[in-house]
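In what follows, a single structure is set out as C-alpha cells and then discussed.
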Amino acid sequence: MEDFNFKDKTVLLRVDINCPLDKKTLKILNDVRIRSIVPTVRELMGKRAKVIIIAHQSRKGAWDFISLEQHAALLSKNLNAPVRYVNDVIGDEAKKAITQLRPGEVILLGNVRELECESREVEMSEHAEAKLVTELLPLIDYYVCDAFGASHRSQCSLVGFPMKVPSASGRLMARELYALRTILEKPRRPSVFILGGAKFADVPHMINTVLTSGIADTVILTGLTGNAFLLARGVDIGESSKKVLADELTEENFRRAKDVLSRHGQKILLPVDVAVERNGKRVCVSTGDMPTPEPALDIGDQSIDKFRKVILSSKTSFMSGPAGMFEKPGFEVGTKQLMMAMVESKGLSVLGGGHTAGAAERFDLADRVSYVSTGGGALETFILQEPLPVIEALKYSKEKFSAQ
C-alpha cells in the first residue's frame with residue numbers, strides 16, 4: 001500500500017468478513033474477521049481515499065447467506081467512524097453511492113455472491129471480463145485485496161480487478177503471509193502441528209507435507225479428525241461417532257488416512273481417550289474401552305495431559321481446528337488446555353481457521369498467542385505449498401502496472 005498515493009482516489013477494497021452466525025437469530029457470533037481489517041480501512045481513510053468495500057457472507061442456498069448490513073454496523077463500531085451500507089453491488093444504487101463518496105468516507109456494498117459471475121469457474125483472464133469488474137472498473141482508481149481468508153479462491157472479485165487496475169495487498173494480507181512464512185520456512189524446533197476440527201479430507205495430505213518437508217516434527221490429531229484417524233488405526237469409535245463423520249468418511253479419505261499412518265505413524269499422536277456426555281456429565285472413556293453409544297465430543301483428560309507435554313516442550317506450535325465441541329459447556333476443556341499450553345510454551349504460537357480463532361476469543365487467549373490467522377482454506381492451501389490465486393493475481397498486477 002505504501003507504493004500508492006491514495007489521496008482523493010477511489011479505492012475498491014476486497015475483504016473477507018465472512019462471519020459465523022447464530023442459526024436461530026442469524027446474528028453475528030464473532031466479529032474477529034471484521035476487526036482484523038480495521039488497520040487497512042483506517043489507513044485508507046487517513047490517506048483521504050474514497051473507500052468502497054466488497055465482501056461475501058456464505059454462498060447462495062446456504063442458511064447463513066445473508067446481507068452485509070450487520071457487518072457494516074460492526075465495522076463502523078470498530079472503526080469508530082460511519083460505514084454506510086448499500087444493499088447493491090453493481091446496480092444504479094451502488095454506482096450512485098460510489099460517485100457521491102468524499103475523501104475519507106467508506107461504504108460497504110452488498111453480498112458479492114449475489115452475482116452469478118462470482119461463482120463461475122473460469123480462467124483468471126475471463127474473471128477480468130466479468131460483469132462485476134466491467135461495471136465497477138470505470139469508477140475506481142485502485143484495487144486493494146485484504147481478503148487472505150478467501151485468497152485460495154479464483155473468483156472475479158478476488159482475481160479479476162488486479163488484471164485491469166493497479167493493485168496492492170492490504171495490511172492484514174501482508175501480516176498473514178509474514179507470520180505463516182515464519183512457521184513454514186524456518187520453524188524453531190521442535191515444531192508441532194495440532195490439527196483438529198470437523199473436516200479431515202485434506203488432513204492426510206497436510207500431514208504428509210509438513211512431516212516430509214520437515215516443517216513439523218510431530219503432528220497431534222484431535223476433534224473429529226482425531227476420531228477419523230482412530231478409526232483408520234483400527235479403533236471402533238462407535239456408530240454415533242461414525243455417523244458424525246459420514247460426509248467425509250469416503251473410502252478414498254479412509255485409505256489416505258491409513259497410508260499416512262503407515263508412513264508417519266511414529267510422528268503422529270492420536271487421542272488415548274475421549275470425552276462423552278453421559279447423564280448430563282463429561283465422562284472420559286479410554287480408546288481401549290470403546291466403542292461407546294455416545295459420540296465423542298472432546299479429547300479426554302489423559303490425551304490432554306499427553307498432548308500438553310509435547311506442546312510445552314515445543315518452540316513452534318501451530319493449531320488449526322478445535323479439539324472438540326468447545327461451544328458445549330464441559331467440552332471446551334481440550335481446546336482450551338491445548339491453547340493454554342501453546343501460550344505457556346513461550347515459543348512461537350499460531351492459530352488458524354475461523355472456529356479456532358473463535359475459540360481463542362472465547363477463552364481470552366487470542367492476544368496471548370503469537371498470531372491468529374483469519375484463514376481456513378487459504379491457510380491449508382498455503383501450508384500445502386500450493387499457489388494462492390489472489391497472490392498470483394497481485395504479482396501479475398505489480399508486473400503489469402510497474403512497467404507502465
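Residue names in the C-alpha cells use chain letters A, B, ... in the order shown, residue numbers from 1 in each chain, and ligand numbers from 1 in the order shown.
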Could you build a table of the residues in stretch 58-159 of chain A lying no more than 8 Å from stretch 373-390 of chain A, giving for each the nearest pair of atoms and their separation in Å rounded to one decimal place, using only C-alpha atoms, ordered by chain and ascending residue number, as a Markdown table?
| residue | atom | partner | partner_atom | distance |
| --- | --- | --- | --- | --- |
| A:Phe148 | CA | A:Gly375 | CA | 6.2 |
| A:Gly149 | CA | A:Gly375 | CA | 3.9 |
| A:Ala150 | CA | A:Ala378 | CA | 6.2 |
| A:Ser151 | CA | A:Val390 | CA | 4.9 |
| A:His152 | CA | A:Ala378 | CA | 4.7 |
| A:Arg153 | CA | A:Pro389 | CA | 6.3 |
| A:Ser154 | CA | A:Pro389 | CA | 5.6 |
| A:Leu158 | CA | A:Val390 | CA | 6.1 |
| A:Val159 | CA | A:Val390 | CA | 5.6 |
If you keep N, CA and C atoms, can you produce a file of those selected residues as a PDB file, in the first residue's frame?
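selection_33.pdb, freshly written:
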ATOM      1  N   PHE A 148      -7.260 -12.353   2.903  1.00  0.00           N
ATOM      2  CA  PHE A 148      -6.425 -13.552   2.959  1.00  0.00           C
ATOM      3  C   PHE A 148      -7.274 -14.806   3.108  1.00  0.00           C
ATOM      4  N   GLY A 149      -8.333 -14.733   3.922  1.00  0.00           N
ATOM      5  CA  GLY A 149      -9.173 -15.906   4.163  1.00  0.00           C
ATOM      6  C   GLY A 149      -9.821 -16.474   2.918  1.00  0.00           C
ATOM      7  N   ALA A 150      -9.910 -15.666   1.858  1.00  0.00           N
ATOM      8  CA  ALA A 150     -10.509 -16.125   0.595  1.00  0.00           C
ATOM      9  C   ALA A 150      -9.479 -16.207  -0.522  1.00  0.00           C
ATOM     10  N   SER A 151      -8.214 -16.052  -0.189  1.00  0.00           N
ATOM     11  CA  SER A 151      -7.174 -15.942  -1.225  1.00  0.00           C
ATOM     12  C   SER A 151      -6.900 -17.239  -1.979  1.00  0.00           C
ATOM     13  N   HIS A 152      -7.492 -18.358  -1.494  1.00  0.00           N
ATOM     14  CA  HIS A 152      -7.337 -19.630  -2.206  1.00  0.00           C
ATOM     15  C   HIS A 152      -8.400 -19.789  -3.288  1.00  0.00           C
ATOM     16  N   ARG A 153      -9.291 -18.806  -3.399  1.00  0.00           N
ATOM     17  CA  ARG A 153     -10.375 -18.882  -4.379  1.00  0.00           C
ATOM     18  C   ARG A 153     -10.076 -18.021  -5.606  1.00  0.00           C
ATOM     19  N   SER A 154     -10.392 -18.558  -6.767  1.00  0.00           N
ATOM     20  CA  SER A 154     -10.240 -17.800  -8.007  1.00  0.00           C
ATOM     21  C   SER A 154     -11.623 -17.305  -8.405  1.00  0.00           C
ATOM     22  N   LEU A 158     -11.873 -11.277  -6.553  1.00  0.00           N
ATOM     23  CA  LEU A 158     -10.552 -11.511  -5.948  1.00  0.00           C
ATOM     24  C   LEU A 158      -9.406 -11.439  -6.952  1.00  0.00           C
ATOM     25  N   VAL A 159      -9.632 -11.946  -8.159  1.00  0.00           N
ATOM     26  CA  VAL A 159      -8.533 -12.005  -9.135  1.00  0.00           C
ATOM     27  C   VAL A 159      -8.795 -11.216 -10.413  1.00  0.00           C
TER      28      VAL A 159
END
Do you have the atom CA of A:Arg282-atom CA of A:Ile237 distance handy?
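Between atom CA of A:Arg282 and atom CA of A:Ile237 the gap is 17.0 Å.
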Any idea what's packed within 12 Å of A:Lys346, counting only C-alpha atoms, ignoring anything in its chain fewer than 2 positions away? Could you give it as a list in words?
Arg188, Ile311, Leu312, Ser313, Ser314, Lys315, Thr316, Ser317, Met339, Met340, Ala341, Met342, Val343, Glu344, Leu348, Ser349, Val350, Arg368, Val369 and Ser370 of chain A
Go ahead and save the residues from that selection, with C-alpha atoms, as a PDB file, in the first residue's frame.
ATOM      1  CA  ARG A 188      12.200 -23.110  15.592  1.00  0.00           C
ATOM      2  CA  ILE A 311       3.312 -28.661  23.190  1.00  0.00           C
ATOM      3  CA  LEU A 312       5.028 -27.262  26.298  1.00  0.00           C
ATOM      4  CA  SER A 313       8.373 -28.570  25.056  1.00  0.00           C
ATOM      5  CA  SER A 314       7.920 -27.080  21.587  1.00  0.00           C
ATOM      6  CA  LYS A 315       9.499 -23.915  20.178  1.00  0.00           C
ATOM      7  CA  THR A 316       6.902 -23.627  17.366  1.00  0.00           C
ATOM      8  CA  SER A 317       3.258 -24.668  17.670  1.00  0.00           C
ATOM      9  CA  MET A 339      -4.203 -23.433  23.601  1.00  0.00           C
ATOM     10  CA  MET A 340      -3.031 -22.662  27.144  1.00  0.00           C
ATOM     11  CA  ALA A 341      -0.053 -24.983  26.592  1.00  0.00           C
ATOM     12  CA  MET A 342       0.813 -23.089  23.403  1.00  0.00           C
ATOM     13  CA  VAL A 343       0.845 -19.818  25.382  1.00  0.00           C
ATOM     14  CA  GLU A 344       2.828 -21.345  28.264  1.00  0.00           C
ATOM     15  CA  LEU A 348       6.071 -19.075  18.500  1.00  0.00           C
ATOM     16  CA  SER A 349       2.369 -19.977  18.607  1.00  0.00           C
ATOM     17  CA  VAL A 350      -0.012 -19.598  15.661  1.00  0.00           C
ATOM     18  CA  ARG A 368      -1.694 -14.214  24.255  1.00  0.00           C
ATOM     19  CA  VAL A 369      -0.638 -16.356  21.291  1.00  0.00           C
ATOM     20  CA  SER A 370       1.884 -15.022  18.780  1.00  0.00           C
TER      21      SER A 370
END
One decimal, Å: what's the distance from atom CA of A:Val210 over to atom CA of A:Gly288, could you say?
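Going from atom CA of A:Val210 over to atom CA of A:Gly288, I get 29.2 Å.
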Write down as a VMD selection string the residues of stretch 152-293 of chain A whose backbone DSSP state falls under alpha helix (DSSP H).
chain A and resid 171 to 185 203 to 212 223 to 232 239 to 245 251 to 264
Nearest-residue call for A:Thr222, choices A:Ala323, A:Leu269, A:Leu338, A:Ala81, using only C-alpha atoms:
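Of all the options, A:Ala323 lies closest to A:Thr222.
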List every residue of stretch 273-356 of chain A that has an atom at most 12 Å from any atom of stretch 243-258 of chain A, and for each one report the closest atom pair and its distance in Å to one decimal, counting only C-alpha atoms, with rows sorted by chain and then by increasing residue number, as a Markdown table.
| residue | atom | partner | partner_atom | distance |
| --- | --- | --- | --- | --- |
| A:Pro293 | CA | A:Lys243 | CA | 11.5 |
| A:Glu294 | CA | A:Lys243 | CA | 11.0 |
| A:Pro295 | CA | A:Val244 | CA | 8.0 |
| A:Ala296 | CA | A:Val244 | CA | 9.6 |
| A:Leu297 | CA | A:Val244 | CA | 10.4 |
Contacts of stretch 9-11 of chain A at 10 Å (only C-alpha atoms; same-chain gap of 5+ positions) as a ChimeraX atom specification
/A:44,47-53,98-99,101-104,106,139-144,167
Quick one: residues within 7 Å of A:Gln57, only C-alpha atoms, excluding same-chain residues fewer than 4 positions away - as a PyMOL selection string?
chain A and resi 18-19+65-66+111
Mind checking which residues fall within 10 Å of A:Leu211, counting only C-alpha atoms, ignoring those fewer than 3 positions away in the same chain, and posting them as an NGL selection string?
:A and (192-193 or 206-208 or 214-219 or 264 or 267-268)
Export of prior selection with N, CA and C atoms as a compact mmCIF listing (two decimals), in the first residue's frame:
# COMPACT_ATOMS: atom_id res chain seq x y z
N VAL A 192 5.48 -28.42 16.42
CA VAL A 192 4.33 -29.33 16.49
C VAL A 192 3.13 -28.70 15.81
N PHE A 193 2.43 -29.50 15.01
CA PHE A 193 1.19 -29.09 14.37
C PHE A 193 0.03 -29.82 15.04
N MET A 206 -1.96 -32.80 4.23
CA MET A 206 -1.26 -31.81 5.03
C MET A 206 -0.22 -32.47 5.94
N ILE A 207 -0.60 -33.57 6.58
CA ILE A 207 0.34 -34.29 7.45
C ILE A 207 1.56 -34.73 6.65
N ASN A 208 1.31 -35.31 5.50
CA ASN A 208 2.39 -35.78 4.64
C ASN A 208 3.32 -34.63 4.25
N GLY A 214 9.72 -31.52 6.68
CA GLY A 214 10.42 -31.13 7.90
C GLY A 214 9.88 -29.88 8.56
N ILE A 215 8.73 -29.39 8.09
CA ILE A 215 8.12 -28.20 8.71
C ILE A 215 7.72 -28.54 10.14
N ALA A 216 7.18 -29.74 10.34
CA ALA A 216 6.79 -30.20 11.68
C ALA A 216 7.57 -31.43 12.07
N ASP A 217 7.84 -31.54 13.38
CA ASP A 217 8.48 -32.75 13.91
C ASP A 217 7.43 -33.74 14.40
N THR A 218 6.29 -33.19 14.87
CA THR A 218 5.21 -34.02 15.41
C THR A 218 3.87 -33.44 14.97
N VAL A 219 2.90 -34.31 14.71
CA VAL A 219 1.53 -33.88 14.42
C VAL A 219 0.61 -34.50 15.46
N HIS A 264 3.99 -42.37 8.50
CA HIS A 264 4.49 -41.42 9.51
C HIS A 264 3.99 -41.73 10.91
N LYS A 267 5.34 -40.32 14.24
CA LYS A 267 5.33 -38.86 14.45
C LYS A 267 3.91 -38.30 14.58
N ILE A 268 2.91 -39.18 14.52
CA ILE A 268 1.51 -38.76 14.63
C ILE A 268 0.95 -39.24 15.97
Just the residues within 9 Å of A:Gly358, please, counting only C-alpha atoms, with nothing from its chain fewer than 6 positions along; format it as a ChimeraX atom specification.
/A:20,29-32,366
Ranking A:Pro166, A:Gly238, A:Gly334, A:Gly321 by minimum distance to A:Asp289 and counting only C-alpha atoms, which one comes first?
A:Gly238
So what do you get for atom CA of A:Tyr396 versus atom CA of A:Ile90, distance-wise?
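Atom CA of A:Ile90 lies 25.1 Å from atom CA of A:Tyr396.
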Which one is closest to A:Thr287: A:Gly353, A:Pro329, A:Gly160, A:Gly300? Count only C-alpha atoms.
A:Gly300
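Candidate residues A:Met124, A:Ser169, A:Asp367, A:Thr40 were compared for distance to A:Lys398, and the nearest is A:Ser169, using only C-alpha atoms.
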